[in-house]
$ cat final-v5.txt   # compact mmCIF, C-alpha atoms and all ligand atoms
# COMPACT_ATOMS: atom_id res chain seq x y z
CA MET C 1 1.74 -19.54 -203.38
CA ILE C 2 -0.73 -21.51 -205.50
CA ARG C 3 -3.41 -19.63 -207.42
CA ILE C 4 -6.22 -21.33 -209.33
CA GLU C 5 -8.40 -19.02 -211.40
CA GLY C 6 -11.60 -19.88 -213.24
CA LEU C 7 -10.68 -23.54 -213.56
CA THR C 8 -13.31 -25.19 -215.74
CA LYS C 9 -13.62 -28.78 -216.94
CA ARG C 10 -16.41 -30.34 -218.95
CA PHE C 11 -16.93 -33.94 -219.96
CA GLY C 12 -19.34 -33.56 -222.89
CA ALA C 13 -22.37 -31.69 -221.58
CA ASN C 14 -21.35 -32.33 -217.96
CA THR C 15 -19.62 -29.30 -216.39
CA VAL C 16 -17.57 -30.96 -213.67
CA LEU C 17 -15.54 -27.91 -212.56
CA ASP C 18 -17.44 -24.68 -212.95
CA GLY C 19 -14.90 -21.90 -212.69
CA ILE C 20 -13.02 -22.83 -209.49
CA ASP C 21 -11.09 -19.98 -207.84
CA LEU C 22 -8.73 -20.93 -205.04
CA ILE C 23 -5.59 -19.53 -203.46
CA ILE C 24 -3.42 -21.79 -201.29
CA GLN C 25 -0.63 -20.33 -199.18
CA ASP C 26 2.80 -21.92 -198.94
CA GLY C 27 2.76 -24.60 -196.27
CA GLU C 28 -1.02 -24.61 -196.04
CA ARG C 29 -2.84 -27.94 -195.64
CA VAL C 30 -6.19 -27.80 -197.42
CA VAL C 31 -8.67 -30.68 -197.22
CA ILE C 32 -11.48 -31.07 -199.74
CA ILE C 33 -14.64 -32.90 -198.74
CA GLY C 34 -17.88 -33.47 -200.59
CA PRO C 35 -20.22 -36.08 -202.06
CA SER C 36 -18.95 -38.41 -204.75
CA GLY C 37 -19.22 -37.28 -208.35
CA THR C 38 -18.74 -33.68 -207.35
CA GLY C 39 -15.46 -32.94 -209.16
CA LYS C 40 -12.92 -33.45 -206.34
CA SER C 41 -10.74 -35.91 -208.27
CA THR C 42 -11.10 -33.89 -211.44
CA LEU C 43 -9.85 -30.79 -209.64
CA LEU C 44 -6.72 -32.62 -208.49
CA ARG C 45 -6.22 -34.26 -211.87
CA THR C 46 -6.41 -30.98 -213.76
CA LEU C 47 -3.84 -29.44 -211.40
CA ASN C 48 -1.41 -32.25 -212.27
CA TYR C 49 -2.59 -32.06 -215.90
CA LEU C 50 -3.84 -35.64 -215.97
CA ASP C 51 -7.08 -34.10 -217.28
CA ARG C 52 -6.89 -31.12 -219.62
CA PRO C 53 -8.97 -28.19 -218.32
CA ASP C 54 -11.22 -26.27 -220.71
CA ALA C 55 -10.47 -22.89 -219.20
CA GLY C 56 -8.63 -21.23 -216.36
CA ARG C 57 -5.15 -20.46 -215.12
CA ILE C 58 -3.02 -22.50 -212.74
CA THR C 59 -0.11 -20.80 -210.99
CA VAL C 60 2.22 -22.74 -208.69
CA GLY C 61 5.13 -20.62 -207.54
CA ASP C 62 6.98 -19.49 -210.65
CA VAL C 63 4.99 -21.69 -213.00
CA SER C 64 1.87 -20.12 -214.47
CA VAL C 65 -0.09 -21.97 -217.13
CA ASP C 66 -3.07 -20.95 -219.23
CA ALA C 67 -4.76 -24.25 -218.59
CA ALA C 68 -6.73 -24.49 -221.83
CA LYS C 69 -3.73 -24.09 -224.09
CA ALA C 70 -0.81 -25.47 -222.16
CA SER C 71 2.17 -26.52 -224.28
CA ARG C 72 4.13 -29.70 -223.63
CA SER C 73 6.72 -27.72 -221.73
CA ASP C 74 3.99 -26.03 -219.64
CA ILE C 75 2.64 -29.47 -218.75
CA LEU C 76 6.08 -30.76 -217.78
CA ALA C 77 6.68 -27.63 -215.73
CA LEU C 78 3.38 -28.15 -213.91
CA ARG C 79 4.30 -31.80 -213.22
CA ARG C 80 7.56 -30.69 -211.63
CA VAL C 81 5.77 -28.48 -209.12
CA THR C 82 2.80 -30.74 -208.35
CA SER C 83 2.74 -34.40 -207.38
CA MET C 84 -0.15 -36.79 -207.01
CA VAL C 85 -0.97 -39.62 -204.62
CA PHE C 86 -3.70 -41.83 -206.07
CA GLN C 87 -6.49 -43.76 -204.42
CA ASN C 88 -5.30 -46.98 -206.06
CA TYR C 89 -1.59 -46.24 -205.51
CA GLY C 90 -0.86 -46.02 -209.25
CA LEU C 91 2.40 -47.94 -208.93
CA PHE C 92 4.17 -49.62 -211.84
CA ALA C 93 3.57 -53.35 -211.24
CA ASN C 94 6.78 -54.32 -213.05
CA LYS C 95 9.01 -52.02 -211.01
CA THR C 96 10.28 -52.48 -207.47
CA ALA C 97 9.49 -50.04 -204.67
CA LEU C 98 12.86 -48.39 -205.23
CA GLU C 99 12.35 -48.16 -209.00
CA ASN C 100 8.84 -46.74 -208.53
CA ILE C 101 10.25 -43.91 -206.44
CA MET C 102 13.17 -43.36 -208.83
CA GLU C 103 10.91 -43.19 -211.88
CA ALA C 104 9.72 -39.61 -211.42
CA LEU C 105 13.19 -38.43 -210.52
CA VAL C 106 14.58 -39.81 -213.75
CA THR C 107 11.70 -38.98 -216.14
CA VAL C 108 10.23 -35.75 -214.73
CA GLN C 109 13.30 -34.29 -213.07
CA LYS C 110 15.89 -35.68 -215.53
CA ARG C 111 18.21 -36.57 -212.68
CA PRO C 112 21.15 -38.94 -213.27
CA ARG C 113 20.35 -42.53 -212.27
CA ASP C 114 22.85 -42.85 -209.42
CA GLU C 115 21.71 -39.59 -207.89
CA ALA C 116 18.05 -40.62 -208.29
CA GLU C 117 18.77 -43.95 -206.62
CA ALA C 118 20.48 -42.34 -203.63
CA GLN C 119 17.56 -39.98 -203.18
CA ALA C 120 15.02 -42.79 -203.58
CA ARG C 121 16.81 -44.84 -200.90
CA SER C 122 16.68 -41.95 -198.48
CA ILE C 123 12.94 -41.58 -199.16
CA LEU C 124 12.43 -45.30 -198.60
CA ALA C 125 14.00 -44.74 -195.19
CA GLU C 126 11.62 -41.88 -194.43
CA THR C 127 8.64 -44.01 -195.41
CA GLY C 128 9.88 -46.92 -193.29
CA LEU C 129 10.37 -49.23 -196.27
CA VAL C 130 14.15 -49.75 -196.48
CA ASP C 131 13.74 -53.52 -196.35
CA LYS C 132 11.19 -53.39 -199.21
CA ALA C 133 13.45 -51.62 -201.72
CA ASP C 134 13.55 -54.63 -204.05
CA SER C 135 9.96 -55.79 -203.53
CA TYR C 136 7.38 -55.54 -206.29
CA PRO C 137 3.99 -53.96 -205.50
CA ALA C 138 2.14 -57.30 -205.63
CA SER C 139 4.16 -58.56 -202.66
CA LEU C 140 3.47 -55.46 -200.54
CA SER C 141 0.45 -54.80 -198.31
CA GLY C 142 -1.94 -52.05 -199.33
CA GLY C 143 -0.47 -49.80 -196.67
CA GLN C 144 3.06 -50.42 -197.91
CA GLN C 145 2.03 -49.81 -201.52
CA GLN C 146 0.46 -46.51 -200.61
CA ARG C 147 3.55 -45.53 -198.62
CA VAL C 148 5.54 -46.15 -201.82
CA GLY C 149 2.96 -43.99 -203.63
CA ILE C 150 3.50 -41.19 -201.12
CA GLY C 151 7.27 -41.68 -201.31
CA ARG C 152 7.14 -41.29 -205.06
CA ALA C 153 5.21 -38.05 -204.68
CA MET C 154 7.67 -36.86 -202.01
CA ALA C 155 10.60 -37.60 -204.32
CA ILE C 156 9.52 -34.99 -206.82
CA GLY C 157 9.96 -32.34 -204.14
CA ALA C 158 6.87 -30.64 -205.52
CA GLU C 159 5.62 -27.37 -204.14
CA LEU C 160 2.12 -28.81 -204.03
CA MET C 161 1.31 -32.41 -203.10
CA LEU C 162 -2.11 -33.67 -204.17
CA PHE C 163 -3.73 -36.61 -202.37
CA ASP C 164 -6.86 -38.18 -203.88
CA GLU C 165 -8.54 -40.28 -201.19
CA PRO C 166 -5.25 -41.97 -200.32
CA THR C 167 -6.76 -44.32 -197.74
CA SER C 168 -10.11 -45.19 -199.24
CA ALA C 169 -8.91 -48.33 -201.05
CA LEU C 170 -7.12 -49.65 -197.95
CA ASP C 171 -8.23 -52.33 -195.55
CA PRO C 172 -8.88 -50.61 -192.20
CA GLU C 173 -5.74 -52.14 -190.67
CA TRP C 174 -3.49 -50.16 -193.04
CA VAL C 175 -5.18 -46.76 -192.79
CA GLY C 176 -3.31 -45.65 -189.68
CA GLU C 177 0.21 -46.06 -191.11
CA VAL C 178 -0.68 -44.11 -194.25
CA LEU C 179 -2.26 -41.26 -192.27
CA GLY C 180 0.81 -41.32 -190.03
CA LEU C 181 3.12 -40.83 -193.01
CA MET C 182 0.91 -37.98 -194.26
CA ARG C 183 1.18 -36.36 -190.83
CA SER C 184 4.96 -36.49 -191.01
CA VAL C 185 4.86 -34.93 -194.50
CA ALA C 186 2.61 -32.20 -193.12
CA GLU C 187 4.99 -31.49 -190.27
CA ARG C 188 7.54 -30.25 -192.81
CA ARG C 189 5.16 -27.49 -193.84
CA GLN C 190 4.65 -29.19 -197.18
CA THR C 191 1.76 -27.55 -199.06
CA MET C 192 -0.91 -30.25 -199.37
CA LEU C 193 -4.30 -30.49 -201.07
CA ILE C 194 -6.04 -33.59 -199.78
CA VAL C 195 -9.33 -35.17 -200.76
CA THR C 196 -10.44 -37.49 -197.99
CA HIS C 197 -13.44 -39.04 -196.29
CA GLU C 198 -11.48 -39.37 -193.04
CA MET C 199 -13.24 -36.56 -191.19
CA ARG C 200 -11.29 -36.88 -187.96
CA PHE C 201 -8.01 -36.74 -189.86
CA ALA C 202 -9.31 -33.75 -191.85
CA ARG C 203 -10.10 -31.87 -188.67
CA GLU C 204 -6.71 -32.68 -187.22
CA ILE C 205 -4.47 -31.95 -190.22
CA ALA C 206 -6.27 -29.19 -192.12
CA ASP C 207 -5.60 -25.49 -191.90
CA ARG C 208 -8.67 -25.08 -194.09
CA VAL C 209 -11.50 -27.37 -195.18
CA ILE C 210 -13.29 -26.88 -198.48
CA PHE C 211 -16.71 -28.37 -199.16
CA MET C 212 -17.33 -28.97 -202.87
CA GLU C 213 -20.55 -29.90 -204.56
CA GLY C 214 -21.56 -29.87 -208.21
CA GLY C 215 -18.26 -28.45 -209.44
CA HIS C 216 -18.37 -25.49 -207.05
CA ILE C 217 -16.74 -24.57 -203.78
CA VAL C 218 -19.85 -24.24 -201.63
CA GLU C 219 -18.29 -23.41 -198.28
CA GLN C 220 -14.79 -23.21 -196.81
CA GLY C 221 -13.22 -22.33 -193.52
CA ALA C 222 -11.25 -23.50 -190.52
CA PRO C 223 -11.98 -27.13 -189.59
CA ASP C 224 -13.87 -26.17 -186.43
CA ALA C 225 -16.12 -23.80 -188.36
CA ILE C 226 -16.85 -26.33 -191.10
CA PHE C 227 -17.49 -29.28 -188.79
CA ASP C 228 -19.08 -27.53 -185.78
CA THR C 229 -20.98 -24.62 -187.32
CA PRO C 230 -21.63 -25.49 -190.98
CA GLN C 231 -23.79 -22.90 -192.73
CA ASP C 232 -24.88 -24.19 -196.11
CA PRO C 233 -27.71 -26.77 -196.01
CA ARG C 234 -25.81 -28.94 -198.52
CA LEU C 235 -22.81 -29.12 -196.18
CA LYS C 236 -25.05 -29.88 -193.19
CA LYS C 237 -26.67 -32.70 -195.12
CA PHE C 238 -23.28 -34.07 -196.24
CA LEU C 239 -21.89 -34.05 -192.70
CA ARG C 240 -24.97 -35.90 -191.43
CA SER C 241 -24.43 -38.52 -194.15
CA VAL C 242 -20.81 -39.22 -193.14
CA SER C 243 -21.13 -39.13 -189.36
P1 LIG Z 301 -15.40 -37.02 -207.19
O1 LIG Z 301 -13.93 -37.23 -207.14
O2 LIG Z 301 -15.87 -35.82 -206.43
O3 LIG Z 301 -16.17 -38.24 -206.81
P2 LIG Z 301 -14.98 -36.88 -210.05
O4 LIG Z 301 -14.12 -35.70 -210.23
O5 LIG Z 301 -14.35 -38.21 -210.13
O6 LIG Z 301 -15.82 -36.71 -208.71
O7 LIG Z 301 -16.13 -36.87 -211.14
C1 LIG Z 301 -16.96 -35.75 -211.33
C2 LIG Z 301 -17.87 -36.01 -212.51
O8 LIG Z 301 -17.10 -36.10 -213.70
C3 LIG Z 301 -18.68 -37.29 -212.41
O9 LIG Z 301 -19.97 -37.01 -212.94
C4 LIG Z 301 -17.93 -38.23 -213.32
O10 LIG Z 301 -18.78 -39.17 -213.87
C5 LIG Z 301 -17.38 -37.30 -214.37
N1 LIG Z 301 -16.13 -37.79 -214.97
C6 LIG Z 301 -14.94 -37.91 -214.32
N2 LIG Z 301 -13.98 -38.37 -215.14
C7 LIG Z 301 -14.58 -38.54 -216.36
C8 LIG Z 301 -14.12 -38.98 -217.65
N3 LIG Z 301 -12.84 -39.33 -217.87
N4 LIG Z 301 -15.02 -39.01 -218.66
C9 LIG Z 301 -16.31 -38.64 -218.47
N5 LIG Z 301 -16.81 -38.21 -217.28
C10 LIG Z 301 -15.97 -38.16 -216.24
MG MG Z 302 -12.86 -38.89 -206.53
$ encode --input "final-v5.txt" --output "structure tokens"
Amino acid sequence: MIRIEGLTKRFGANTVLDGIDLIIQDGERVVIIGPSGTGKSTLLRTLNYLDRPDAGRITVGDVSVDAAKASRSDILALRRVTSMVFQNYGLFANKTALENIMEALVTVQKRPRDEAEAQARSILAETGLVDKADSYPASLSGGQQQRVGIGRAMAIGAELMLFDEPTSALDPEWVGEVLGLMRSVAERRQTMLIVTHEMRFAREIADRVIFMEGGHIVEQGAPDAIFDTPQDPRLKKFLRSVS
């Protein structure tokens, strides 16, 4: 189970996360929607400790971290149980697809190189990229790059996978293959926290949809409830703006 308590993040005078409380069950797929600038990326980034929270506690399975005063080993522990898929893929340009997937296995998980490579090759197979093992990101399509990004996050075997608008930088022709790979990840009952503007995909994949605005969770519920019978005026307005 994942438990987020009082998670708070400020950038100067701007309170971007204002005491977020959230429990996610094992295997649950949670989708976050909301206007831009509302703290969605910051929430994901603090969970992976790419941004340091100002207050709160993050618990993922056996790992429980006082977010404001996490030690280096706390941060590493958190990075072993969470993995992140970025909007702009976040691949190393000077590493091949295979090396990009191996990287986390070697650096975060401290796995021996030959073992990491075998695992990375099996993930390349799952992502449909066996023939791209030795290709560098610049020679891959956007869809292929993001599949490598998802493969890298899969490799960590994290309890919680975080996806920050994984299709929003893609040309429309590549969106389908990336959503398809996310569906196959979801089918394994992988716990997923996904920020997306793909409302149809959200409705299809989510066990729960969370609407965030202004650093708060404003409304949450089953996809049908959120999309068909929204309650809060801010959610109604947001849904009108994206439909
Ligand atoms: P969303 O993902 O919902 O669009 P973000 O989490 O990216 O929103 O940003 C929320 C707010 O935090 C915005 O006002 C943004 O300008 C601010 N912000 C995000 N990252 C930084 C940063 N590194 N430094 C200063 N302000 C930031
Ligand atoms: Mg964002």
$ closest_residue --input "final-v5.txt" --among "C:Gln119, C:Arg183, C:Thr229, C:Asp134" --to "Ala97 (chain C)" --atoms "all atoms listed in the file"
C:Asp134
$ atom_distance --input "final-v5.txt" --atom1 "atom C9 of ligand LIG 301 (chain Z)" --atom2 "CA of Phe11 (chain C)"
5.0 Å
$ axis_aligned_box --input "final-v5.txt" --around "ligand LIG 301 (chain Z)" --padding-each-side "8 Å" --output "JSON"
{"center_x": -16.4, "center_y": -37.5, "center_z": -212.5, "size_x": 23.1, "size_y": 19.6, "size_z": 28.2}
$ atom_distance --input "final-v5.txt" --atom1 "CA of Gly214 (chain C)" --atom2 "CA of Leu78 (chain C)"
25.6 Å
$ closest_residue --input "final-v5.txt" --among "C:Asp18, C:Asp26, C:Glu126, C:Glu159" --to "Ser83 (chain C)" --atoms "only C-alpha atoms"
C:Glu159
$ residues_around --input "final-v5.txt" --residues "Asp54 (chain C)" --least-positions-apart "3" --cutoff "8 Å" --atoms "all atoms listed in the file" --output "PDB file with C-alpha atoms, in the coordinates of the input"
ATOM      1  CA  LEU C   7     -10.680 -23.540-213.560  1.00  0.00           C
ATOM      2  CA  THR C   8     -13.310 -25.190-215.740  1.00  0.00           C
ATOM      3  CA  LYS C   9     -13.620 -28.780-216.940  1.00  0.00           C
ATOM      4  CA  ARG C  10     -16.410 -30.340-218.950  1.00  0.00           C
ATOM      5  CA  ALA C  67      -4.760 -24.250-218.590  1.00  0.00           C
ATOM      6  CA  ALA C  68      -6.730 -24.490-221.830  1.00  0.00           C
TER       7      ALA C  68
END
$ closest_atom_pairs --input "final-v5.txt" --of "chain C" --to "ligand LIG 301 (chain Z)" --cutoff "10 Å" --atoms "all atoms listed in the file" --output "Markdown table"
| residue | atom | partner | partner_atom | distance |
| --- | --- | --- | --- | --- |
| C:Lys9 | CA | Z:LIG301 | O8 | 8.7 |
| C:Arg10 | CA | Z:LIG301 | O8 | 7.8 |
| C:Phe11 | CA | Z:LIG301 | C9 | 5.0 |
| C:Gly12 | CA | Z:LIG301 | C9 | 7.4 |
| C:Ala13 | CA | Z:LIG301 | N5 | 9.6 |
| C:Asn14 | CA | Z:LIG301 | O9 | 7.0 |
| C:Thr15 | CA | Z:LIG301 | O8 | 7.7 |
| C:Val16 | CA | Z:LIG301 | O8 | 5.2 |
| C:Leu17 | CA | Z:LIG301 | C1 | 8.1 |
| C:Ile32 | CA | Z:LIG301 | O2 | 9.3 |
| C:Ile33 | CA | Z:LIG301 | O2 | 8.3 |
| C:Gly34 | CA | Z:LIG301 | O2 | 6.6 |
| C:Pro35 | CA | Z:LIG301 | O2 | 6.2 |
| C:Ser36 | CA | Z:LIG301 | O3 | 3.5 |
| C:Gly37 | CA | Z:LIG301 | O6 | 3.5 |
| C:Thr38 | CA | Z:LIG301 | O2 | 3.7 |
| C:Gly39 | CA | Z:LIG301 | O4 | 3.2 |
| C:Lys40 | CA | Z:LIG301 | O2 | 3.8 |
| C:Ser41 | CA | Z:LIG301 | O1 | 3.6 |
| C:Thr42 | CA | Z:LIG301 | O4 | 3.7 |
| C:Leu43 | CA | Z:LIG301 | O4 | 6.5 |
| C:Leu44 | CA | Z:LIG301 | O4 | 8.2 |
| C:Arg45 | CA | Z:LIG301 | O4 | 8.2 |
| C:Thr46 | CA | Z:LIG301 | O4 | 9.7 |
| C:Leu50 | CA | Z:LIG301 | N3 | 9.9 |
| C:Asp51 | CA | Z:LIG301 | N3 | 7.8 |
| C:Asp164 | CA | Z:LIG301 | O1 | 7.8 |
| C:Glu165 | CA | Z:LIG301 | O1 | 8.6 |
| C:Val195 | CA | Z:LIG301 | O1 | 8.1 |
| C:Thr196 | CA | Z:LIG301 | O1 | 9.8 |
| C:Met212 | CA | Z:LIG301 | O2 | 7.9 |
| C:Glu213 | CA | Z:LIG301 | O2 | 7.8 |
| C:Gly214 | CA | Z:LIG301 | C1 | 8.1 |
| C:Gly215 | CA | Z:LIG301 | C1 | 7.7 |
$ closest_residue --input "final-v5.txt" --among "C:Ile24, C:Val85, C:Ile217, C:Ala133" --to "Arg152 (chain C)" --atoms "only C-alpha atoms"
C:Val85
$ decode --input "final-v5.txt" --residues "region 52-70 of chain C" --atoms "N, CA and C atoms" --output "JSON list (two decimals), in the first residue's frame"
[["chain", "number", "residue", "atom", "x", "y", "z"],
["C", 52, "ARG", "N", 12.38, 18.01, -3.53],
["C", 52, "ARG", "CA", 12.36, 17.75, -2.10],
["C", 52, "ARG", "C", 11.12, 18.39, -1.48],
["C", 53, "PRO", "N", 10.25, 17.60, -0.86],
["C", 53, "PRO", "CA", 9.06, 18.18, -0.22],
["C", 53, "PRO", "C", 9.46, 19.01, 1.01],
["C", 54, "ASP", "N", 8.58, 19.91, 1.40],
["C", 54, "ASP", "CA", 8.83, 20.70, 2.61],
["C", 54, "ASP", "C", 8.26, 20.04, 3.85],
["C", 55, "ALA", "N", 7.25, 19.21, 3.67],
["C", 55, "ALA", "CA", 6.67, 18.51, 4.81],
["C", 55, "ALA", "C", 5.90, 17.31, 4.30],
["C", 56, "GLY", "N", 5.67, 16.37, 5.19],
["C", 56, "GLY", "CA", 4.84, 15.22, 4.86],
["C", 56, "GLY", "C", 5.59, 13.91, 5.02],
["C", 57, "ARG", "N", 4.85, 12.84, 4.85],
["C", 57, "ARG", "CA", 5.43, 11.50, 4.95],
["C", 57, "ARG", "C", 4.99, 10.69, 3.74],
["C", 58, "ILE", "N", 5.94, 9.95, 3.18],
["C", 58, "ILE", "CA", 5.66, 9.10, 2.02],
["C", 58, "ILE", "C", 5.97, 7.66, 2.43],
["C", 59, "THR", "N", 4.98, 6.80, 2.31],
["C", 59, "THR", "CA", 5.17, 5.39, 2.65],
["C", 59, "THR", "C", 4.81, 4.55, 1.44],
["C", 60, "VAL", "N", 5.78, 3.77, 0.96],
["C", 60, "VAL", "CA", 5.53, 2.85, -0.15],
["C", 60, "VAL", "C", 5.96, 1.47, 0.33],
["C", 61, "GLY", "N", 4.98, 0.62, 0.59],
["C", 61, "GLY", "CA", 5.31, -0.70, 1.15],
["C", 61, "GLY", "C", 6.08, -0.55, 2.45],
["C", 62, "ASP", "N", 7.27, -1.15, 2.47],
["C", 62, "ASP", "CA", 8.09, -1.13, 3.68],
["C", 62, "ASP", "C", 8.89, 0.15, 3.87],
["C", 63, "VAL", "N", 8.90, 0.98, 2.85],
["C", 63, "VAL", "CA", 9.72, 2.20, 2.91],
["C", 63, "VAL", "C", 8.86, 3.36, 3.38],
["C", 64, "SER", "N", 9.25, 4.00, 4.47],
["C", 64, "SER", "CA", 8.49, 5.14, 4.98],
["C", 64, "SER", "C", 9.46, 6.26, 5.28],
["C", 65, "VAL", "N", 9.23, 7.40, 4.64],
["C", 65, "VAL", "CA", 10.20, 8.49, 4.68],
["C", 65, "VAL", "C", 9.54, 9.77, 5.16],
["C", 66, "ASP", "N", 10.16, 10.38, 6.17],
["C", 66, "ASP", "CA", 9.76, 11.74, 6.57],
["C", 66, "ASP", "C", 10.30, 12.66, 5.48],
["C", 67, "ALA", "N", 9.39, 13.13, 4.65],
["C", 67, "ALA", "CA", 9.80, 13.72, 3.37],
["C", 67, "ALA", "C", 10.71, 14.93, 3.54],
["C", 68, "ALA", "N", 10.50, 15.71, 4.59],
["C", 68, "ALA", "CA", 11.26, 16.95, 4.75],
["C", 68, "ALA", "C", 12.69, 16.69, 5.17],
["C", 69, "LYS", "N", 12.95, 15.56, 5.80],
["C", 69, "LYS", "CA", 14.33, 15.33, 6.24],
["C", 69, "LYS", "C", 14.82, 13.94, 5.86],
["C", 70, "ALA", "N", 14.57, 13.60, 4.62],
["C", 70, "ALA", "CA", 15.03, 12.31, 4.12],
["C", 70, "ALA", "C", 16.55, 12.29, 4.01]]
